[in-house]
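Participant: Below is one structure. I have some questions about it.
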Amino acid sequence: MSPDLEFLKLPWEIQGALASGYAAYAVAYTGLRDRQRPIDIAFISLVFSVPATLVFWLLASKGPSISIPAAFVAAVGTGIVWRRFIRRLVFSILKKLDVTWSNDDPSALATLSDNSKFPVSQIAVLLDDGTWLRCDDVSKFIGAPFAPYLLGPNGDVALYLTHEEPSNGEAKVLKSVRDSYYGDRITYVPAARIKQITIRHKSTTASHSSTAVVVEAAQEQSKQEPTKVSVAP
């Protein structure tokens, strides 16, 4: 047997635990795996396999038809809880203790795209020709297929474009973005065209009603944002 298939010689309980642990890792670190080393992946998967191993031990008398699905659910569930609650709590504690202010994400874009705590209210994109593309009220697209917007790992964006403002012109309202028959029209903007992305989030803790996050998406210094753009900080 090929050395790569030696894994298949292990007892099915170990195979199930390791496979469940890797599935949990894949869920817990979706969008954050691009810079992790193989050794990191292996040990994180082993950690997430512990709940699966515990389930196998508790359900040893039930047979693989019951214990394997239960172990898989336990491991993946642990991964979801880690990503949704525990990971954020751990980094919050580290910040409060002044241990580190890094959240260990590969980039600021990854942090923004991973956001599920602060509701997005507005988004605007500045193109390389000075044109602003924006969605002034993303709450109107809550039920849309890809709401409120898409932010790719390389800086590309897809948004429901409601306003377009050329560098030397007046803002134009695009009224055809919603259609009761054809559905909502989403606009894709490649990263190569983007100079700046501005996103406004509703704050759940601060006294201000909202907070703006600006991400520089290119090395070239951007032009000053027009004051009439409603999403300006």
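We label chains A, B, ... in the order they appear in the structure tokens, count residues from 1 in each chain, and number ligands from 1 in the order shown.
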Hey, which bits of segment 83-139 of chain A sit within 10 Å of segment 165-186 of chain A, and for each residue what's the closest pair of atoms and how far apart in Å (one decimal), counting only C-alpha atoms, rows by chain and increasing number, as a Markdown table?

Facilitator:
```
| residue | atom | partner | partner_atom | distance |
| --- | --- | --- | --- | --- |
| A:Leu126 | CA | A:Glu165 | CA | 9.5 |
| A:Leu127 | CA | A:Pro166 | CA | 9.5 |
| A:Asp129 | CA | A:Ser167 | CA | 7.4 |
| A:Gly130 | CA | A:Ser167 | CA | 4.8 |
| A:Thr131 | CA | A:Pro166 | CA | 4.3 |
| A:Trp132 | CA | A:Glu165 | CA | 5.0 |
| A:Leu133 | CA | A:Glu165 | CA | 6.5 |
| A:Arg134 | CA | A:Glu165 | CA | 8.5 |
| A:Cys135 | CA | A:Leu174 | CA | 9.9 |
```

Participant: Write out as a PyMOL selection string each polymer residue whose atoms come within 12 Å of segment 16-18 of chain A, counting only C-alpha atoms; drop sequence neighbours fewer than 3 positions from it.

Facilitator: chain A and resi 7-8+10-13+21-25+41-57+64-76

Participant: Print the selection's residues with N, CA and C atoms to a file, as a short mmCIF file (atom, residue, chain, number, x, y, z; two decimals), in the first residue's frame.

Facilitator:
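again17.cif, written as the output of this step:
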```
data_model
loop_
_atom_site.label_atom_id
_atom_site.label_comp_id
_atom_site.auth_asym_id
_atom_site.auth_seq_id
_atom_site.Cartn_x
_atom_site.Cartn_y
_atom_site.Cartn_z
N PHE A 7 -2.91 5.62 6.28
CA PHE A 7 -4.00 6.10 7.14
C PHE A 7 -5.17 5.12 7.16
N LEU A 8 -5.40 4.44 6.03
CA LEU A 8 -6.54 3.53 5.92
C LEU A 8 -6.34 2.25 6.72
N LEU A 10 -5.51 2.29 9.86
CA LEU A 10 -5.87 2.60 11.24
C LEU A 10 -7.27 2.11 11.54
N PRO A 11 -7.59 1.85 12.82
CA PRO A 11 -8.96 1.48 13.20
C PRO A 11 -9.95 2.54 12.74
N TRP A 12 -11.17 2.12 12.44
CA TRP A 12 -12.15 3.07 11.90
C TRP A 12 -12.47 4.17 12.88
N GLU A 13 -12.35 3.92 14.20
CA GLU A 13 -12.60 4.97 15.18
C GLU A 13 -11.59 6.11 15.04
N GLY A 21 -12.15 15.74 12.82
CA GLY A 21 -11.34 16.87 13.28
C GLY A 21 -10.94 17.78 12.14
N TYR A 22 -10.60 17.20 11.00
CA TYR A 22 -10.22 18.04 9.86
C TYR A 22 -11.44 18.80 9.32
N ALA A 23 -12.59 18.14 9.29
CA ALA A 23 -13.81 18.82 8.85
C ALA A 23 -14.13 20.00 9.77
N ALA A 24 -13.94 19.81 11.07
CA ALA A 24 -14.17 20.89 12.02
C ALA A 24 -13.18 22.03 11.80
N TYR A 25 -11.93 21.68 11.54
CA TYR A 25 -10.91 22.71 11.23
C TYR A 25 -11.31 23.50 9.99
N ILE A 41 -2.15 22.93 10.58
CA ILE A 41 -3.38 22.25 10.18
C ILE A 41 -3.50 20.91 10.89
N ALA A 42 -2.39 20.18 10.96
CA ALA A 42 -2.42 18.85 11.58
C ALA A 42 -2.79 18.93 13.06
N PHE A 43 -2.16 19.84 13.81
CA PHE A 43 -2.41 19.89 15.24
C PHE A 43 -3.78 20.51 15.57
N ILE A 44 -4.22 21.48 14.77
CA ILE A 44 -5.56 22.02 14.99
C ILE A 44 -6.62 20.96 14.73
N SER A 45 -6.41 20.16 13.68
CA SER A 45 -7.33 19.06 13.38
C SER A 45 -7.35 18.04 14.51
N LEU A 46 -6.19 17.78 15.10
CA LEU A 46 -6.12 16.85 16.23
C LEU A 46 -6.91 17.38 17.42
N VAL A 47 -6.80 18.68 17.67
CA VAL A 47 -7.55 19.29 18.78
C VAL A 47 -9.05 19.13 18.56
N PHE A 48 -9.51 19.39 17.34
CA PHE A 48 -10.94 19.28 17.05
C PHE A 48 -11.40 17.82 16.98
N SER A 49 -10.46 16.89 16.89
CA SER A 49 -10.85 15.48 16.88
C SER A 49 -11.13 14.95 18.29
N VAL A 50 -10.76 15.71 19.31
CA VAL A 50 -10.99 15.27 20.69
C VAL A 50 -12.48 15.07 20.98
N PRO A 51 -13.38 16.00 20.61
CA PRO A 51 -14.81 15.75 20.84
C PRO A 51 -15.31 14.51 20.10
N ALA A 52 -14.79 14.28 18.90
CA ALA A 52 -15.19 13.10 18.15
C ALA A 52 -14.73 11.83 18.86
N THR A 53 -13.52 11.85 19.37
CA THR A 53 -13.00 10.69 20.12
C THR A 53 -13.84 10.43 21.36
N LEU A 54 -14.25 11.48 22.04
CA LEU A 54 -15.09 11.33 23.22
C LEU A 54 -16.43 10.70 22.86
N VAL A 55 -17.00 11.12 21.75
CA VAL A 55 -18.29 10.56 21.31
C VAL A 55 -18.12 9.09 20.95
N PHE A 56 -17.03 8.75 20.27
CA PHE A 56 -16.78 7.34 19.96
C PHE A 56 -16.70 6.50 21.23
N TRP A 57 -16.09 7.04 22.26
CA TRP A 57 -15.95 6.32 23.53
C TRP A 57 -17.31 6.17 24.21
N PRO A 64 -20.72 1.69 14.38
CA PRO A 64 -20.28 2.81 13.54
C PRO A 64 -21.41 3.58 12.88
N SER A 65 -22.55 2.94 12.62
CA SER A 65 -23.64 3.63 11.94
C SER A 65 -24.21 4.76 12.77
N ILE A 66 -24.04 4.70 14.07
CA ILE A 66 -24.51 5.76 14.95
C ILE A 66 -23.36 6.62 15.45
N SER A 67 -22.26 5.98 15.84
CA SER A 67 -21.16 6.73 16.45
C SER A 67 -20.43 7.63 15.46
N ILE A 68 -20.29 7.21 14.22
CA ILE A 68 -19.57 8.03 13.25
C ILE A 68 -20.32 9.33 12.94
N PRO A 69 -21.62 9.29 12.60
CA PRO A 69 -22.33 10.57 12.39
C PRO A 69 -22.34 11.45 13.64
N ALA A 70 -22.52 10.83 14.81
CA ALA A 70 -22.54 11.61 16.04
C ALA A 70 -21.19 12.27 16.31
N ALA A 71 -20.11 11.54 16.06
CA ALA A 71 -18.78 12.10 16.26
C ALA A 71 -18.51 13.24 15.28
N PHE A 72 -18.94 13.08 14.05
CA PHE A 72 -18.76 14.13 13.04
C PHE A 72 -19.51 15.39 13.45
N VAL A 73 -20.76 15.24 13.88
CA VAL A 73 -21.54 16.40 14.31
C VAL A 73 -20.91 17.08 15.52
N ALA A 74 -20.40 16.28 16.46
CA ALA A 74 -19.77 16.84 17.66
C ALA A 74 -18.53 17.65 17.30
N ALA A 75 -17.70 17.13 16.40
CA ALA A 75 -16.47 17.83 16.03
C ALA A 75 -16.78 19.11 15.25
N VAL A 76 -17.64 19.00 14.24
CA VAL A 76 -17.98 20.17 13.43
C VAL A 76 -18.71 21.21 14.28
#
```

Participant: From the DSSP assignment of the backbone, select every residue of segment 102-211 of chain A that is alpha helix (DSSP H), and format the answer as a PyMOL selection string.

Facilitator: chain A and resi 108-114

Participant: According to DSSP computed on the backbone, where in segment 21-146 of chain A is there strand (DSSP E)? Give the residues as a list in words.

Facilitator: Val120, Ser121, Gln122, Ile123, Ala124, Val125, Leu126, Leu127, Trp132, Leu133, Arg134 and Cys135 of chain A

Participant: Write the selection just made, keeping C-alpha atoms, as a PDB file, in the first residue's frame?

Facilitator:
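Listing of selection-v6.pdb after writing:
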```pdb
ATOM      1  CA  VAL A 120     -23.447  46.654   7.559  1.00  0.00           C
ATOM      2  CA  SER A 121     -25.403  49.773   6.607  1.00  0.00           C
ATOM      3  CA  GLN A 122     -23.504  51.275   3.659  1.00  0.00           C
ATOM      4  CA  ILE A 123     -20.649  50.433   1.292  1.00  0.00           C
ATOM      5  CA  ALA A 124     -18.803  52.543  -1.280  1.00  0.00           C
ATOM      6  CA  VAL A 125     -15.993  51.694  -3.710  1.00  0.00           C
ATOM      7  CA  LEU A 126     -13.607  54.211  -5.291  1.00  0.00           C
ATOM      8  CA  LEU A 127     -12.383  53.142  -8.741  1.00  0.00           C
ATOM      9  CA  TRP A 132     -17.515  56.211  -6.695  1.00  0.00           C
ATOM     10  CA  LEU A 133     -19.830  53.192  -6.685  1.00  0.00           C
ATOM     11  CA  ARG A 134     -21.991  52.769  -3.645  1.00  0.00           C
ATOM     12  CA  CYS A 135     -24.980  51.192  -1.998  1.00  0.00           C
TER      13      CYS A 135
END
```

Participant: Considering only C-alpha atoms, state which residue in the set A:Trp82, A:Tyr160, A:Pro190, A:Ala28 is at the smallest distance from Ser139 of chain A.

Facilitator: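 Going through A:Trp82, A:Tyr160, A:Pro190, A:Ala28 one by one, the smallest distance to Ser139 of chain A is for A:Tyr160.
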